[in-house]
>>> print(open('target.pdb').read())   # PDB, C-alpha atoms
ATOM      1  CA  MET N   1     -13.691   8.353   6.666
ATOM      2  CA  ARG N   2     -10.520   7.288   4.902
ATOM      3  CA  ALA N   3      -8.051   9.357   2.898
ATOM      4  CA  PHE N   4      -8.733   8.910  -0.804
ATOM      5  CA  LYS N   5      -6.956   9.901  -4.010
ATOM      6  CA  ILE N   6      -7.382   9.369  -7.713
ATOM      7  CA  VAL N   7      -4.111   9.324  -9.628
ATOM      8  CA  ASP N   8      -3.745   9.463 -13.407
ATOM      9  CA  VAL N   9      -0.963   7.079 -14.456
ATOM     10  CA  PHE N  10       1.284   6.963 -17.533
ATOM     11  CA  THR N  11       0.861  10.687 -18.079
ATOM     12  CA  ALA N  12       2.018  13.968 -16.569
ATOM     13  CA  THR N  13      -1.152  15.662 -17.886
ATOM     14  CA  PRO N  14      -4.341  15.259 -15.828
ATOM     15  CA  PHE N  15      -7.110  13.264 -17.517
ATOM     16  CA  LYS N  16      -4.834  11.846 -20.249
ATOM     17  CA  GLY N  17      -3.668   8.618 -18.594
ATOM     18  CA  ASN N  18      -5.370   5.798 -16.707
ATOM     19  CA  PRO N  19      -6.931   6.756 -13.357
ATOM     20  CA  VAL N  20      -6.706   4.553 -10.295
ATOM     21  CA  ALA N  21      -8.527   5.215  -7.019
ATOM     22  CA  ILE N  22      -6.578   4.647  -3.812
ATOM     23  CA  VAL N  23      -8.132   4.248  -0.364
ATOM     24  CA  MET N  24      -5.371   4.785   2.185
ATOM     25  CA  GLN N  25      -4.990   3.192   5.621
ATOM     26  CA  ALA N  26      -7.775   0.794   4.697
ATOM     27  CA  ASP N  27      -7.079  -1.819   7.386
ATOM     28  CA  GLY N  28     -10.347  -2.977   8.907
ATOM     29  CA  LEU N  29     -12.407  -2.800   5.732
ATOM     30  CA  THR N  30     -14.085  -6.040   4.751
ATOM     31  CA  ASP N  31     -13.759  -7.722   1.364
ATOM     32  CA  ALA N  32     -17.363  -6.753   0.651
ATOM     33  CA  GLN N  33     -16.698  -3.097   1.485
ATOM     34  CA  MET N  34     -13.643  -3.030  -0.771
ATOM     35  CA  GLN N  35     -15.548  -4.577  -3.655
ATOM     36  CA  ALA N  36     -18.449  -2.178  -3.127
ATOM     37  CA  ILE N  37     -16.100   0.835  -3.259
ATOM     38  CA  ALA N  38     -14.430  -0.497  -6.412
ATOM     39  CA  ARG N  39     -17.833  -1.043  -8.005
ATOM     40  CA  TRP N  40     -18.822   2.522  -7.030
ATOM     41  CA  THR N  41     -15.684   4.211  -8.445
ATOM     42  CA  ASN N  42     -16.266   2.222 -11.650
ATOM     43  CA  LEU N  43     -12.614   2.690 -12.606
ATOM     44  CA  SER N  44     -10.650  -0.168 -14.102
ATOM     45  CA  GLU N  45      -8.999  -0.612 -10.681
ATOM     46  CA  THR N  46      -9.333   0.638  -7.119
ATOM     47  CA  THR N  47      -6.636  -0.144  -4.563
ATOM     48  CA  PHE N  48      -6.583  -0.410  -0.784
ATOM     49  CA  HIS N  49      -3.455   0.449   1.197
ATOM     50  CA  LEU N  50      -2.850  -1.887   4.141
ATOM     51  CA  ALA N  51      -0.141  -2.710   6.662
ATOM     52  CA  PRO N  52       2.342  -5.224   5.219
ATOM     53  CA  THR N  53       2.519  -8.805   6.413
ATOM     54  CA  LEU N  54       5.992  -9.525   4.982
ATOM     55  CA  PRO N  55       9.112  -8.040   6.588
ATOM     56  CA  ASP N  56      10.640  -6.827   3.303
ATOM     57  CA  ALA N  57       7.519  -4.877   2.244
ATOM     58  CA  ASP N  58       6.912  -1.185   2.882
ATOM     59  CA  TYR N  59       3.141  -1.567   2.467
ATOM     60  CA  ARG N  60       0.524  -3.988   1.174
ATOM     61  CA  LEU N  61      -1.970  -3.405  -1.634
ATOM     62  CA  ARG N  62      -5.208  -5.108  -2.569
ATOM     63  CA  ILE N  63      -6.425  -4.389  -6.086
ATOM     64  CA  PHE N  64     -10.045  -4.612  -7.228
ATOM     65  CA  THR N  65     -11.805  -4.175 -10.567
ATOM     66  CA  PRO N  66     -15.519  -3.325 -10.471
ATOM     67  CA  ARG N  67     -16.206  -7.079 -10.366
ATOM     68  CA  SER N  68     -13.283  -8.945  -8.810
ATOM     69  CA  GLU N  69      -9.897  -8.814  -7.075
ATOM     70  CA  LEU N  70      -6.619  -9.006  -9.012
ATOM     71  CA  PRO N  71      -3.346 -10.389  -7.621
ATOM     72  CA  PHE N  72      -1.366  -7.688  -9.469
ATOM     73  CA  ALA N  73      -1.894  -4.805 -11.872
ATOM     74  CA  GLY N  74       0.538  -2.293 -13.326
ATOM     75  CA  HIS N  75      -0.970   1.180 -13.308
ATOM     76  CA  PRO N  76      -2.544   0.645  -9.841
ATOM     77  CA  THR N  77       0.907  -0.272  -8.495
ATOM     78  CA  LEU N  78       2.533   2.902  -9.837
ATOM     79  CA  GLY N  79      -0.432   5.160  -9.021
ATOM     80  CA  SER N  80      -0.700   3.838  -5.473
ATOM     81  CA  ALA N  81       3.026   4.330  -4.866
ATOM     82  CA  HIS N  82       2.691   7.927  -6.124
ATOM     83  CA  ALA N  83      -0.291   8.548  -3.820
ATOM     84  CA  LEU N  84       1.338   7.049  -0.726
ATOM     85  CA  ILE N  85       4.579   8.968  -1.234
ATOM     86  CA  GLU N  86       2.625  12.192  -1.786
ATOM     87  CA  ALA N  87       0.579  11.567   1.388
ATOM     88  CA  GLY N  88       3.724  10.920   3.435
ATOM     89  CA  LEU N  89       2.623   7.393   4.314
ATOM     90  CA  VAL N  90       5.719   5.761   2.802
ATOM     91  CA  THR N  91       9.220   7.080   2.187
ATOM     92  CA  PRO N  92      11.410   5.616  -0.546
ATOM     93  CA  GLN N  93      14.863   4.521   0.567
ATOM     94  CA  ASP N  94      17.352   5.488  -2.142
ATOM     95  CA  GLY N  95      14.372   5.912  -4.450
ATOM     96  CA  ARG N  96      13.027   2.406  -3.798
ATOM     97  CA  LEU N  97       9.875   0.922  -2.272
ATOM     98  CA  VAL N  98       8.624  -2.657  -2.045
ATOM     99  CA  GLN N  99       4.922  -3.358  -2.465
ATOM    100  CA  GLU N 100       3.323  -6.518  -1.141
ATOM    101  CA  CYS N 101       0.337  -7.850  -3.091
ATOM    102  CA  ALA N 102      -1.238 -11.212  -3.813
ATOM    103  CA  ALA N 103       1.343 -11.824  -6.563
ATOM    104  CA  GLY N 104       4.196 -11.343  -4.080
ATOM    105  CA  LEU N 105       6.710  -8.530  -3.601
ATOM    106  CA  VAL N 106       6.919  -5.884  -6.326
ATOM    107  CA  PRO N 107       9.850  -3.435  -6.256
ATOM    108  CA  VAL N 108       8.992   0.133  -7.288
ATOM    109  CA  THR N 109      11.571   2.860  -7.924
ATOM    110  CA  THR N 110      11.130   6.599  -8.410
ATOM    111  CA  ASP N 111      13.342   9.492  -9.419
ATOM    112  CA  GLY N 112      10.825  12.001  -8.086
ATOM    113  CA  THR N 113       9.248  12.526 -11.506
ATOM    114  CA  THR N 114       8.516   9.064 -12.878
ATOM    115  CA  LEU N 115       7.992   5.643 -11.326
ATOM    116  CA  GLU N 116       8.980   2.184 -12.475
ATOM    117  CA  LEU N 117       7.946  -1.282 -11.321
ATOM    118  CA  GLN N 118       9.601  -4.630 -11.749
ATOM    119  CA  LEU N 119       7.085  -6.921 -13.418
ATOM    120  CA  PRO N 120       6.426 -10.240 -11.656
ATOM    121  CA  PRO N 121       7.973 -13.203 -13.524
ATOM    122  CA  ALA N 122       6.075 -13.981 -16.725
ATOM    123  CA  HIS N 123       4.741 -17.436 -17.543
ATOM    124  CA  ILE N 124       3.974 -17.751 -21.261
ATOM    125  CA  ARG N 125       2.209 -20.416 -23.267
ATOM    126  CA  PRO N 126       1.073 -20.357 -26.912
ATOM    127  CA  LEU N 127      -2.640 -20.531 -27.600
ATOM    128  CA  ASP N 128      -3.744 -23.818 -29.102
ATOM    129  CA  MET N 129      -5.363 -23.898 -32.533
ATOM    130  CA  GLU N 130      -8.924 -23.813 -31.192
ATOM    131  CA  GLU N 131      -8.082 -20.823 -28.971
ATOM    132  CA  ARG N 132      -6.356 -19.043 -31.876
ATOM    133  CA  THR N 133      -9.368 -19.544 -34.112
ATOM    134  CA  ARG N 134     -11.651 -18.196 -31.402
ATOM    135  CA  LEU N 135      -9.387 -15.173 -30.867
ATOM    136  CA  SER N 136      -9.309 -14.421 -34.605
ATOM    137  CA  ALA N 137     -13.106 -14.350 -34.630
ATOM    138  CA  ILE N 138     -13.112 -11.922 -31.683
ATOM    139  CA  LEU N 139     -10.571  -9.652 -33.381
ATOM    140  CA  GLY N 140     -12.219  -9.875 -36.783
ATOM    141  CA  GLY N 141      -8.957 -10.961 -38.397
ATOM    142  CA  THR N 142      -5.828 -12.990 -37.859
ATOM    143  CA  PRO N 143      -2.829 -11.811 -35.808
ATOM    144  CA  ALA N 144       0.404 -10.837 -37.543
ATOM    145  CA  GLU N 145       1.819 -13.567 -39.773
ATOM    146  CA  GLY N 146       4.389 -15.741 -38.065
ATOM    147  CA  GLN N 147       3.683 -14.316 -34.594
ATOM    148  CA  PRO N 148       1.334 -16.713 -32.796
ATOM    149  CA  PRO N 149      -0.712 -15.233 -29.926
ATOM    150  CA  VAL N 150       0.112 -16.323 -26.402
ATOM    151  CA  LEU N 151      -1.255 -16.302 -22.873
ATOM    152  CA  VAL N 152       1.036 -14.316 -20.553
ATOM    153  CA  ASP N 153       0.617 -14.675 -16.788
ATOM    154  CA  VAL N 154       2.239 -11.914 -14.695
ATOM    155  CA  GLY N 155      -0.313 -12.096 -11.880
ATOM    156  CA  ALA N 156      -2.767 -10.506 -14.270
ATOM    157  CA  ARG N 157      -3.310 -12.971 -17.146
ATOM    158  CA  TRP N 158      -3.456 -11.528 -20.662
ATOM    159  CA  ILE N 159      -4.015 -13.036 -24.063
ATOM    160  CA  VAL N 160      -1.431 -11.144 -26.137
ATOM    161  CA  ALA N 161      -1.557 -10.830 -29.915
ATOM    162  CA  GLU N 162       0.499  -8.791 -32.360
ATOM    163  CA  LEU N 163      -1.452  -7.252 -35.250
ATOM    164  CA  ALA N 164      -0.118  -6.135 -38.624
ATOM    165  CA  ASP N 165       0.747  -2.581 -37.551
ATOM    166  CA  ALA N 166      -0.266   0.294 -35.292
ATOM    167  CA  GLN N 167      -3.027   1.477 -37.620
ATOM    168  CA  THR N 168      -4.629  -1.977 -37.536
ATOM    169  CA  VAL N 169      -4.597  -1.782 -33.741
ATOM    170  CA  LEU N 170      -6.207   1.665 -33.751
ATOM    171  CA  ALA N 171      -8.917   0.557 -36.211
ATOM    172  CA  LEU N 172      -9.802  -2.611 -34.285
ATOM    173  CA  SER N 173     -13.402  -3.110 -33.173
ATOM    174  CA  PRO N 174     -13.407  -6.426 -31.272
ATOM    175  CA  ASP N 175     -16.363  -8.623 -30.371
ATOM    176  CA  LEU N 176     -16.574  -7.681 -26.675
ATOM    177  CA  PRO N 177     -19.216 -10.270 -25.646
ATOM    178  CA  GLY N 178     -17.129 -12.925 -27.377
ATOM    179  CA  SER N 179     -14.028 -11.684 -25.581
ATOM    180  CA  ALA N 180     -15.807 -11.759 -22.212
ATOM    181  CA  ALA N 181     -16.828 -15.376 -22.833
ATOM    182  CA  MET N 182     -13.276 -16.381 -23.772
ATOM    183  CA  GLU N 183     -11.881 -14.556 -20.729
ATOM    184  CA  HIS N 184     -14.253 -16.544 -18.529
ATOM    185  CA  ASP N 185     -13.398 -19.867 -20.156
ATOM    186  CA  LEU N 186      -9.619 -19.343 -20.008
ATOM    187  CA  GLN N 187      -9.697 -17.504 -16.651
ATOM    188  CA  VAL N 188      -7.785 -14.543 -18.066
ATOM    189  CA  THR N 189      -7.953 -10.823 -17.360
ATOM    190  CA  GLY N 190      -8.495  -9.858 -20.985
ATOM    191  CA  VAL N 191      -6.974  -9.426 -24.431
ATOM    192  CA  THR N 192      -4.067  -7.075 -25.216
ATOM    193  CA  VAL N 193      -3.165  -6.348 -28.834
ATOM    194  CA  PHE N 194      -0.187  -4.409 -30.172
ATOM    195  CA  GLY N 195       1.226  -3.260 -33.490
ATOM    196  CA  ARG N 196       4.429  -1.557 -34.569
ATOM    197  CA  HIS N 197       4.663   2.115 -35.526
ATOM    198  CA  ASP N 198       6.687   2.794 -38.665
ATOM    199  CA  SER N 199       8.259   5.916 -37.163
ATOM    200  CA  GLY N 200       8.061   8.372 -34.287
ATOM    201  CA  PRO N 201       8.888   8.176 -30.583
ATOM    202  CA  SER N 202       6.528   5.261 -29.900
ATOM    203  CA  ALA N 203       7.603   1.800 -31.003
ATOM    204  CA  TYR N 204       4.198   0.156 -30.496
ATOM    205  CA  GLU N 205       0.518   1.037 -30.214
ATOM    206  CA  VAL N 206      -1.285  -1.056 -27.599
ATOM    207  CA  ARG N 207      -4.930  -1.657 -26.681
ATOM    208  CA  SER N 208      -6.294  -3.797 -23.819
ATOM    209  CA  PHE N 209      -9.826  -5.165 -23.497
ATOM    210  CA  ALA N 210     -11.280  -6.751 -20.356
ATOM    211  CA  PRO N 211     -15.088  -6.801 -20.740
ATOM    212  CA  GLY N 212     -15.356  -9.880 -18.529
ATOM    213  CA  ASP N 213     -14.212  -7.686 -15.622
ATOM    214  CA  GLY N 214     -16.526  -4.843 -16.596
ATOM    215  CA  ILE N 215     -13.798  -2.923 -18.467
ATOM    216  CA  ALA N 216     -14.649  -2.655 -22.151
ATOM    217  CA  GLU N 217     -11.280  -1.028 -22.871
ATOM    218  CA  ASP N 218      -8.587  -0.243 -20.314
ATOM    219  CA  PRO N 219      -7.246   3.232 -21.167
ATOM    220  CA  VAL N 220      -3.551   2.561 -20.468
ATOM    221  CA  CYS N 221      -2.609  -0.843 -19.076
ATOM    222  CA  GLY N 222       0.646  -1.495 -17.215
ATOM    223  CA  SER N 223       0.332  -5.269 -16.892
ATOM    224  CA  GLY N 224      -0.853  -5.548 -20.503
ATOM    225  CA  ASN N 225       2.156  -3.587 -21.741
ATOM    226  CA  GLY N 226       4.442  -5.561 -19.445
ATOM    227  CA  SER N 227       3.011  -8.769 -20.905
ATOM    228  CA  VAL N 228       3.776  -7.506 -24.413
ATOM    229  CA  ALA N 229       7.376  -6.761 -23.393
ATOM    230  CA  ALA N 230       7.701 -10.212 -21.790
ATOM    231  CA  TYR N 231       6.403 -11.780 -25.017
ATOM    232  CA  LEU N 232       8.836  -9.745 -27.154
ATOM    233  CA  SER N 233      11.675 -10.775 -24.849
ATOM    234  CA  ALA N 234      10.721 -14.465 -24.976
ATOM    235  CA  ARG N 235      10.680 -14.532 -28.770
ATOM    236  CA  GLY N 236      14.002 -12.676 -29.060
ATOM    237  CA  ASP N 237      12.703  -9.247 -30.109
ATOM    238  CA  LEU N 238      13.697  -7.378 -26.928
ATOM    239  CA  ALA N 239      17.370  -7.758 -26.153
ATOM    240  CA  ASP N 240      18.918  -7.562 -22.704
ATOM    241  CA  GLY N 241      19.495  -3.871 -21.957
ATOM    242  CA  ALA N 242      17.027  -2.697 -24.619
ATOM    243  CA  GLY N 243      13.862  -0.691 -24.095
ATOM    244  CA  TYR N 244      11.128   1.169 -25.917
ATOM    245  CA  VAL N 245       8.134   3.475 -25.463
ATOM    246  CA  ALA N 246       4.568   2.345 -26.175
ATOM    247  CA  THR N 247       1.464   4.491 -26.564
ATOM    248  CA  GLN N 248      -2.059   3.587 -25.552
ATOM    249  CA  GLY N 249      -5.422   5.234 -25.013
ATOM    250  CA  ARG N 250      -6.108   7.282 -28.131
ATOM    251  CA  CYS N 251      -9.231   5.290 -28.937
ATOM    252  CA  VAL N 252     -10.766   6.343 -25.589
ATOM    253  CA  GLY N 253      -9.541   9.949 -25.549
ATOM    254  CA  ARG N 254      -6.310   9.380 -23.597
ATOM    255  CA  ASP N 255      -2.622   9.730 -24.425
ATOM    256  CA  GLY N 256      -0.688   7.278 -22.287
ATOM    257  CA  ARG N 257       3.076   6.823 -22.591
ATOM    258  CA  ILE N 258       4.642   3.694 -21.127
ATOM    259  CA  SER N 259       8.358   2.946 -20.882
ATOM    260  CA  LEU N 260       9.364  -0.737 -21.103
ATOM    261  CA  ARG N 261      12.817  -2.198 -20.708
ATOM    262  CA  ARG N 262      14.548  -5.518 -20.160
ATOM    263  CA  ALA N 263      17.431  -6.118 -17.761
ATOM    264  CA  GLY N 264      18.546  -9.739 -17.662
ATOM    265  CA  ASP N 265      15.454 -11.852 -17.181
ATOM    266  CA  LYS N 266      13.454  -8.951 -15.680
ATOM    267  CA  ILE N 267      10.971  -6.585 -17.327
ATOM    268  CA  PHE N 268      10.451  -3.058 -16.027
ATOM    269  CA  VAL N 269       7.380  -0.878 -16.652
ATOM    270  CA  GLY N 270       7.464   2.851 -15.993
ATOM    271  CA  GLY N 271       5.870   6.232 -16.527
ATOM    272  CA  ALA N 272       4.671   9.460 -14.967
ATOM    273  CA  ALA N 273       1.745   9.947 -12.578
ATOM    274  CA  VAL N 274      -0.318  12.945 -11.460
ATOM    275  CA  THR N 275      -2.961  13.294  -8.725
ATOM    276  CA  THR N 276      -6.357  14.503  -9.949
ATOM    277  CA  VAL N 277      -8.537  13.988  -6.838
ATOM    278  CA  ASP N 278      -7.441  14.353  -3.192
ATOM    279  CA  GLY N 279      -9.889  14.018  -0.322
ATOM    280  CA  THR N 280     -11.730  11.444   1.793
ATOM    281  CA  VAL N 281     -14.214   8.679   1.210
ATOM    282  CA  THR N 282     -17.039   8.212   3.710
ATOM    283  CA  LEU N 283     -17.978   4.640   4.598
TER     284      LEU N 283
END
>>> encode(input="target.pdb", output="structure tokens")
Amino acid sequence: MRAFKIVDVFTATPFKGNPVAIVMQADGLTDAQMQAIARWTNLSETTFHLAPTLPDADYRLRIFTPRSELPFAGHPTLGSAHALIEAGLVTPQDGRLVQECAAGLVPVTTDGTTLELQLPPAHIRPLDMEERTRLSAILGGTPAEGQPPVLVDVGARWIVAELADAQTVLALSPDLPGSAAMEHDLQVTGVTVFGRHDSGPSAYEVRSFAPGDGIAEDPVCGSGNGSVAAYLSARGDLADGAGYVATQGRCVGRDGRISLRRAGDKIFVGGAAVTTVDGTVTL
């Protein structure tokens, strides 16, 4: 048996964020066992806590969707840090931890209430005309005028597109089989769309779709939101020192709140987390 938690991320209210399953002290499990557990939980991600291999890391994480392994993901990083701190398996030094994963070292900070990660460096390229046409067909309409969609690679690879406004995002009904095919062809995690709110505490509404990985819609996506912030920064719409709050999940019965900010050339993604399941998993 291994210690096991499910943590709801980007919310302080149970069942309103994005759950991640964490198997702790998972050294010795095979790749096949990890993938089988992730397939069984059927959550967007399941993580496995392992001993680090790099001297600057406090712990190592492997991250699996129901179908494949990811080099990095946002809400699993924050949820796993919450779980490991709660279990007494790691202790932040001055509020800071360093996670090792396939994308490298990811700093995580906590004030005891919320957590924040430093997004891996973003690599951005515009979609070509054929890819843009294909994306428009999947979305059932064109992205916002003058804002060409891009592919953002932060370990997870997202096609990112701005739509006309938040209401357009909320009303979207994408072609999921078409999206899965495009994800396969471009070797991306999925499609993240966002649109601006006219008023209120949230600047943007966000939705993330990854049917190619068995996730029709990710409830609240850290790497997707981080990719949006990296895109806004690259095009000059997120100044150094600026930040905002995004909302995600209403279309699947959730109410996620994600804090994004830029400091220099770095993007930070943060939010609350709450444990909903605490026990063991039998192998």
>>> resolve_selection(input="target.pdb", expression="the PyMOL selection byres ((chain N and resi 36) around 12)", output="number ranges by chain")
N: 29-35, 37-42, 46, 64-69, 283
>>> resolve_selection(input="target.pdb", expression="the PyMOL selection byres ((chain N and resi 226-234) around 9)", output="NGL selection string")
:N and (74 or 119 or 121-124 or 150-154 or 156-162 or 192-194 or 206 or 221-225 or 235-240 or 243 or 260-262 or 265-269)
>>> write_last_selection(input="target.pdb", atoms="C-alpha atoms", output="PDB file, in the coordinates of the input")
ATOM      1  CA  GLY N  74       0.538  -2.293 -13.326  1.00  0.00           C
ATOM      2  CA  LEU N 119       7.085  -6.921 -13.418  1.00  0.00           C
ATOM      3  CA  PRO N 121       7.973 -13.203 -13.524  1.00  0.00           C
ATOM      4  CA  ALA N 122       6.075 -13.981 -16.725  1.00  0.00           C
ATOM      5  CA  HIS N 123       4.741 -17.436 -17.543  1.00  0.00           C
ATOM      6  CA  ILE N 124       3.974 -17.751 -21.261  1.00  0.00           C
ATOM      7  CA  VAL N 150       0.112 -16.323 -26.402  1.00  0.00           C
ATOM      8  CA  LEU N 151      -1.255 -16.302 -22.873  1.00  0.00           C
ATOM      9  CA  VAL N 152       1.036 -14.316 -20.553  1.00  0.00           C
ATOM     10  CA  ASP N 153       0.617 -14.675 -16.788  1.00  0.00           C
ATOM     11  CA  VAL N 154       2.239 -11.914 -14.695  1.00  0.00           C
ATOM     12  CA  ALA N 156      -2.767 -10.506 -14.270  1.00  0.00           C
ATOM     13  CA  ARG N 157      -3.310 -12.971 -17.146  1.00  0.00           C
ATOM     14  CA  TRP N 158      -3.456 -11.528 -20.662  1.00  0.00           C
ATOM     15  CA  ILE N 159      -4.015 -13.036 -24.063  1.00  0.00           C
ATOM     16  CA  VAL N 160      -1.431 -11.144 -26.137  1.00  0.00           C
ATOM     17  CA  ALA N 161      -1.557 -10.830 -29.915  1.00  0.00           C
ATOM     18  CA  GLU N 162       0.499  -8.791 -32.360  1.00  0.00           C
ATOM     19  CA  THR N 192      -4.067  -7.075 -25.216  1.00  0.00           C
ATOM     20  CA  VAL N 193      -3.165  -6.348 -28.834  1.00  0.00           C
ATOM     21  CA  PHE N 194      -0.187  -4.409 -30.172  1.00  0.00           C
ATOM     22  CA  VAL N 206      -1.285  -1.056 -27.599  1.00  0.00           C
ATOM     23  CA  CYS N 221      -2.609  -0.843 -19.076  1.00  0.00           C
ATOM     24  CA  GLY N 222       0.646  -1.495 -17.215  1.00  0.00           C
ATOM     25  CA  SER N 223       0.332  -5.269 -16.892  1.00  0.00           C
ATOM     26  CA  GLY N 224      -0.853  -5.548 -20.503  1.00  0.00           C
ATOM     27  CA  ASN N 225       2.156  -3.587 -21.741  1.00  0.00           C
ATOM     28  CA  ARG N 235      10.680 -14.532 -28.770  1.00  0.00           C
ATOM     29  CA  GLY N 236      14.002 -12.676 -29.060  1.00  0.00           C
ATOM     30  CA  ASP N 237      12.703  -9.247 -30.109  1.00  0.00           C
ATOM     31  CA  LEU N 238      13.697  -7.378 -26.928  1.00  0.00           C
ATOM     32  CA  ALA N 239      17.370  -7.758 -26.153  1.00  0.00           C
ATOM     33  CA  ASP N 240      18.918  -7.562 -22.704  1.00  0.00           C
ATOM     34  CA  GLY N 243      13.862  -0.691 -24.095  1.00  0.00           C
ATOM     35  CA  LEU N 260       9.364  -0.737 -21.103  1.00  0.00           C
ATOM     36  CA  ARG N 261      12.817  -2.198 -20.708  1.00  0.00           C
ATOM     37  CA  ARG N 262      14.548  -5.518 -20.160  1.00  0.00           C
ATOM     38  CA  ASP N 265      15.454 -11.852 -17.181  1.00  0.00           C
ATOM     39  CA  LYS N 266      13.454  -8.951 -15.680  1.00  0.00           C
ATOM     40  CA  ILE N 267      10.971  -6.585 -17.327  1.00  0.00           C
ATOM     41  CA  PHE N 268      10.451  -3.058 -16.027  1.00  0.00           C
ATOM     42  CA  VAL N 269       7.380  -0.878 -16.652  1.00  0.00           C
TER      43      VAL N 269
END
>>> closest_residue(input="target.pdb", among="N:Val169, N:Ala203, N:Leu105, N:Ala180", to="N:Leu135", atoms="only C-alpha atoms")
N:Ala180
>>> resolve_selection(input="target.pdb", expression="the PyMOL selection byres ((chain N and resi 4) around 8)", output="list in words")
Arg2, Ala3, Lys5, Ile6, Ala21, Ile22, Val23, Met24, Val277, Asp278, Gly279, Thr280 and Val281 of chain N
>>> closest_residue(input="target.pdb", among="N:Leu127, N:Ala273, N:Ala102, N:Ile63", to="N:Ile85", atoms="only C-alpha atoms")
N:Ala273
>>> closest_residue(input="target.pdb", among="N:Pro92, N:Gly104, N:Gly200, N:Pro76", to="N:Val9", atoms="only C-alpha atoms")
N:Pro76
>>> closest_residue(input="target.pdb", among="N:Asp58, N:Asp213, N:Asp185, N:Asp165", to="N:Arg96", atoms="all atoms listed in the file")
N:Asp58
>>> axis_aligned_box(input="target.pdb", around="stretch 263-278 of chain N", padding_each_side="5 Å", output="lines of an AutoDock Vina configuration file")
center_x = 5.0
center_y = 1.3
center_z = -10.5
size_x = 37.1
size_y = 36.4
size_z = 24.6
>>> atom_distance(input="target.pdb", atom1="atom CA of N:Glu100", atom2="atom CA of N:Thr47")
12.3 Å
>>> atom_distance(input="target.pdb", atom1="atom CA of N:His49", atom2="atom CA of N:Ile258")
24.0 Å
>>> closest_residue(input="target.pdb", among="N:Pro219, N:Gly178, N:Gly146, N:Pro107", to="N:Arg134", atoms="all atoms listed in the file")
N:Gly178
>>> residues_around(input="target.pdb", residues="N:Thr91", least_positions_apart="2", cutoff="12 Å", atoms="all atoms listed in the file", output="PyMOL selection string")
chain N and resi 58-59+81-89+93-98+108-110+112
>>> atom_distance(input="target.pdb", atom1="atom CA of N:Pro120", atom2="atom CA of N:Gly155")
7.0 Å
>>> closest_residue(input="target.pdb", among="N:Ser199, N:Gly212, N:Ala164, N:Gly241", to="N:His184", atoms="only C-alpha atoms")
N:Gly212
>>> residues_around(input="target.pdb", residues="N:Asp27", least_positions_apart="6", cutoff="9 Å", atoms="only C-alpha atoms", output="list in words")
Phe48, His49, Leu50 and Ala51 of chain N
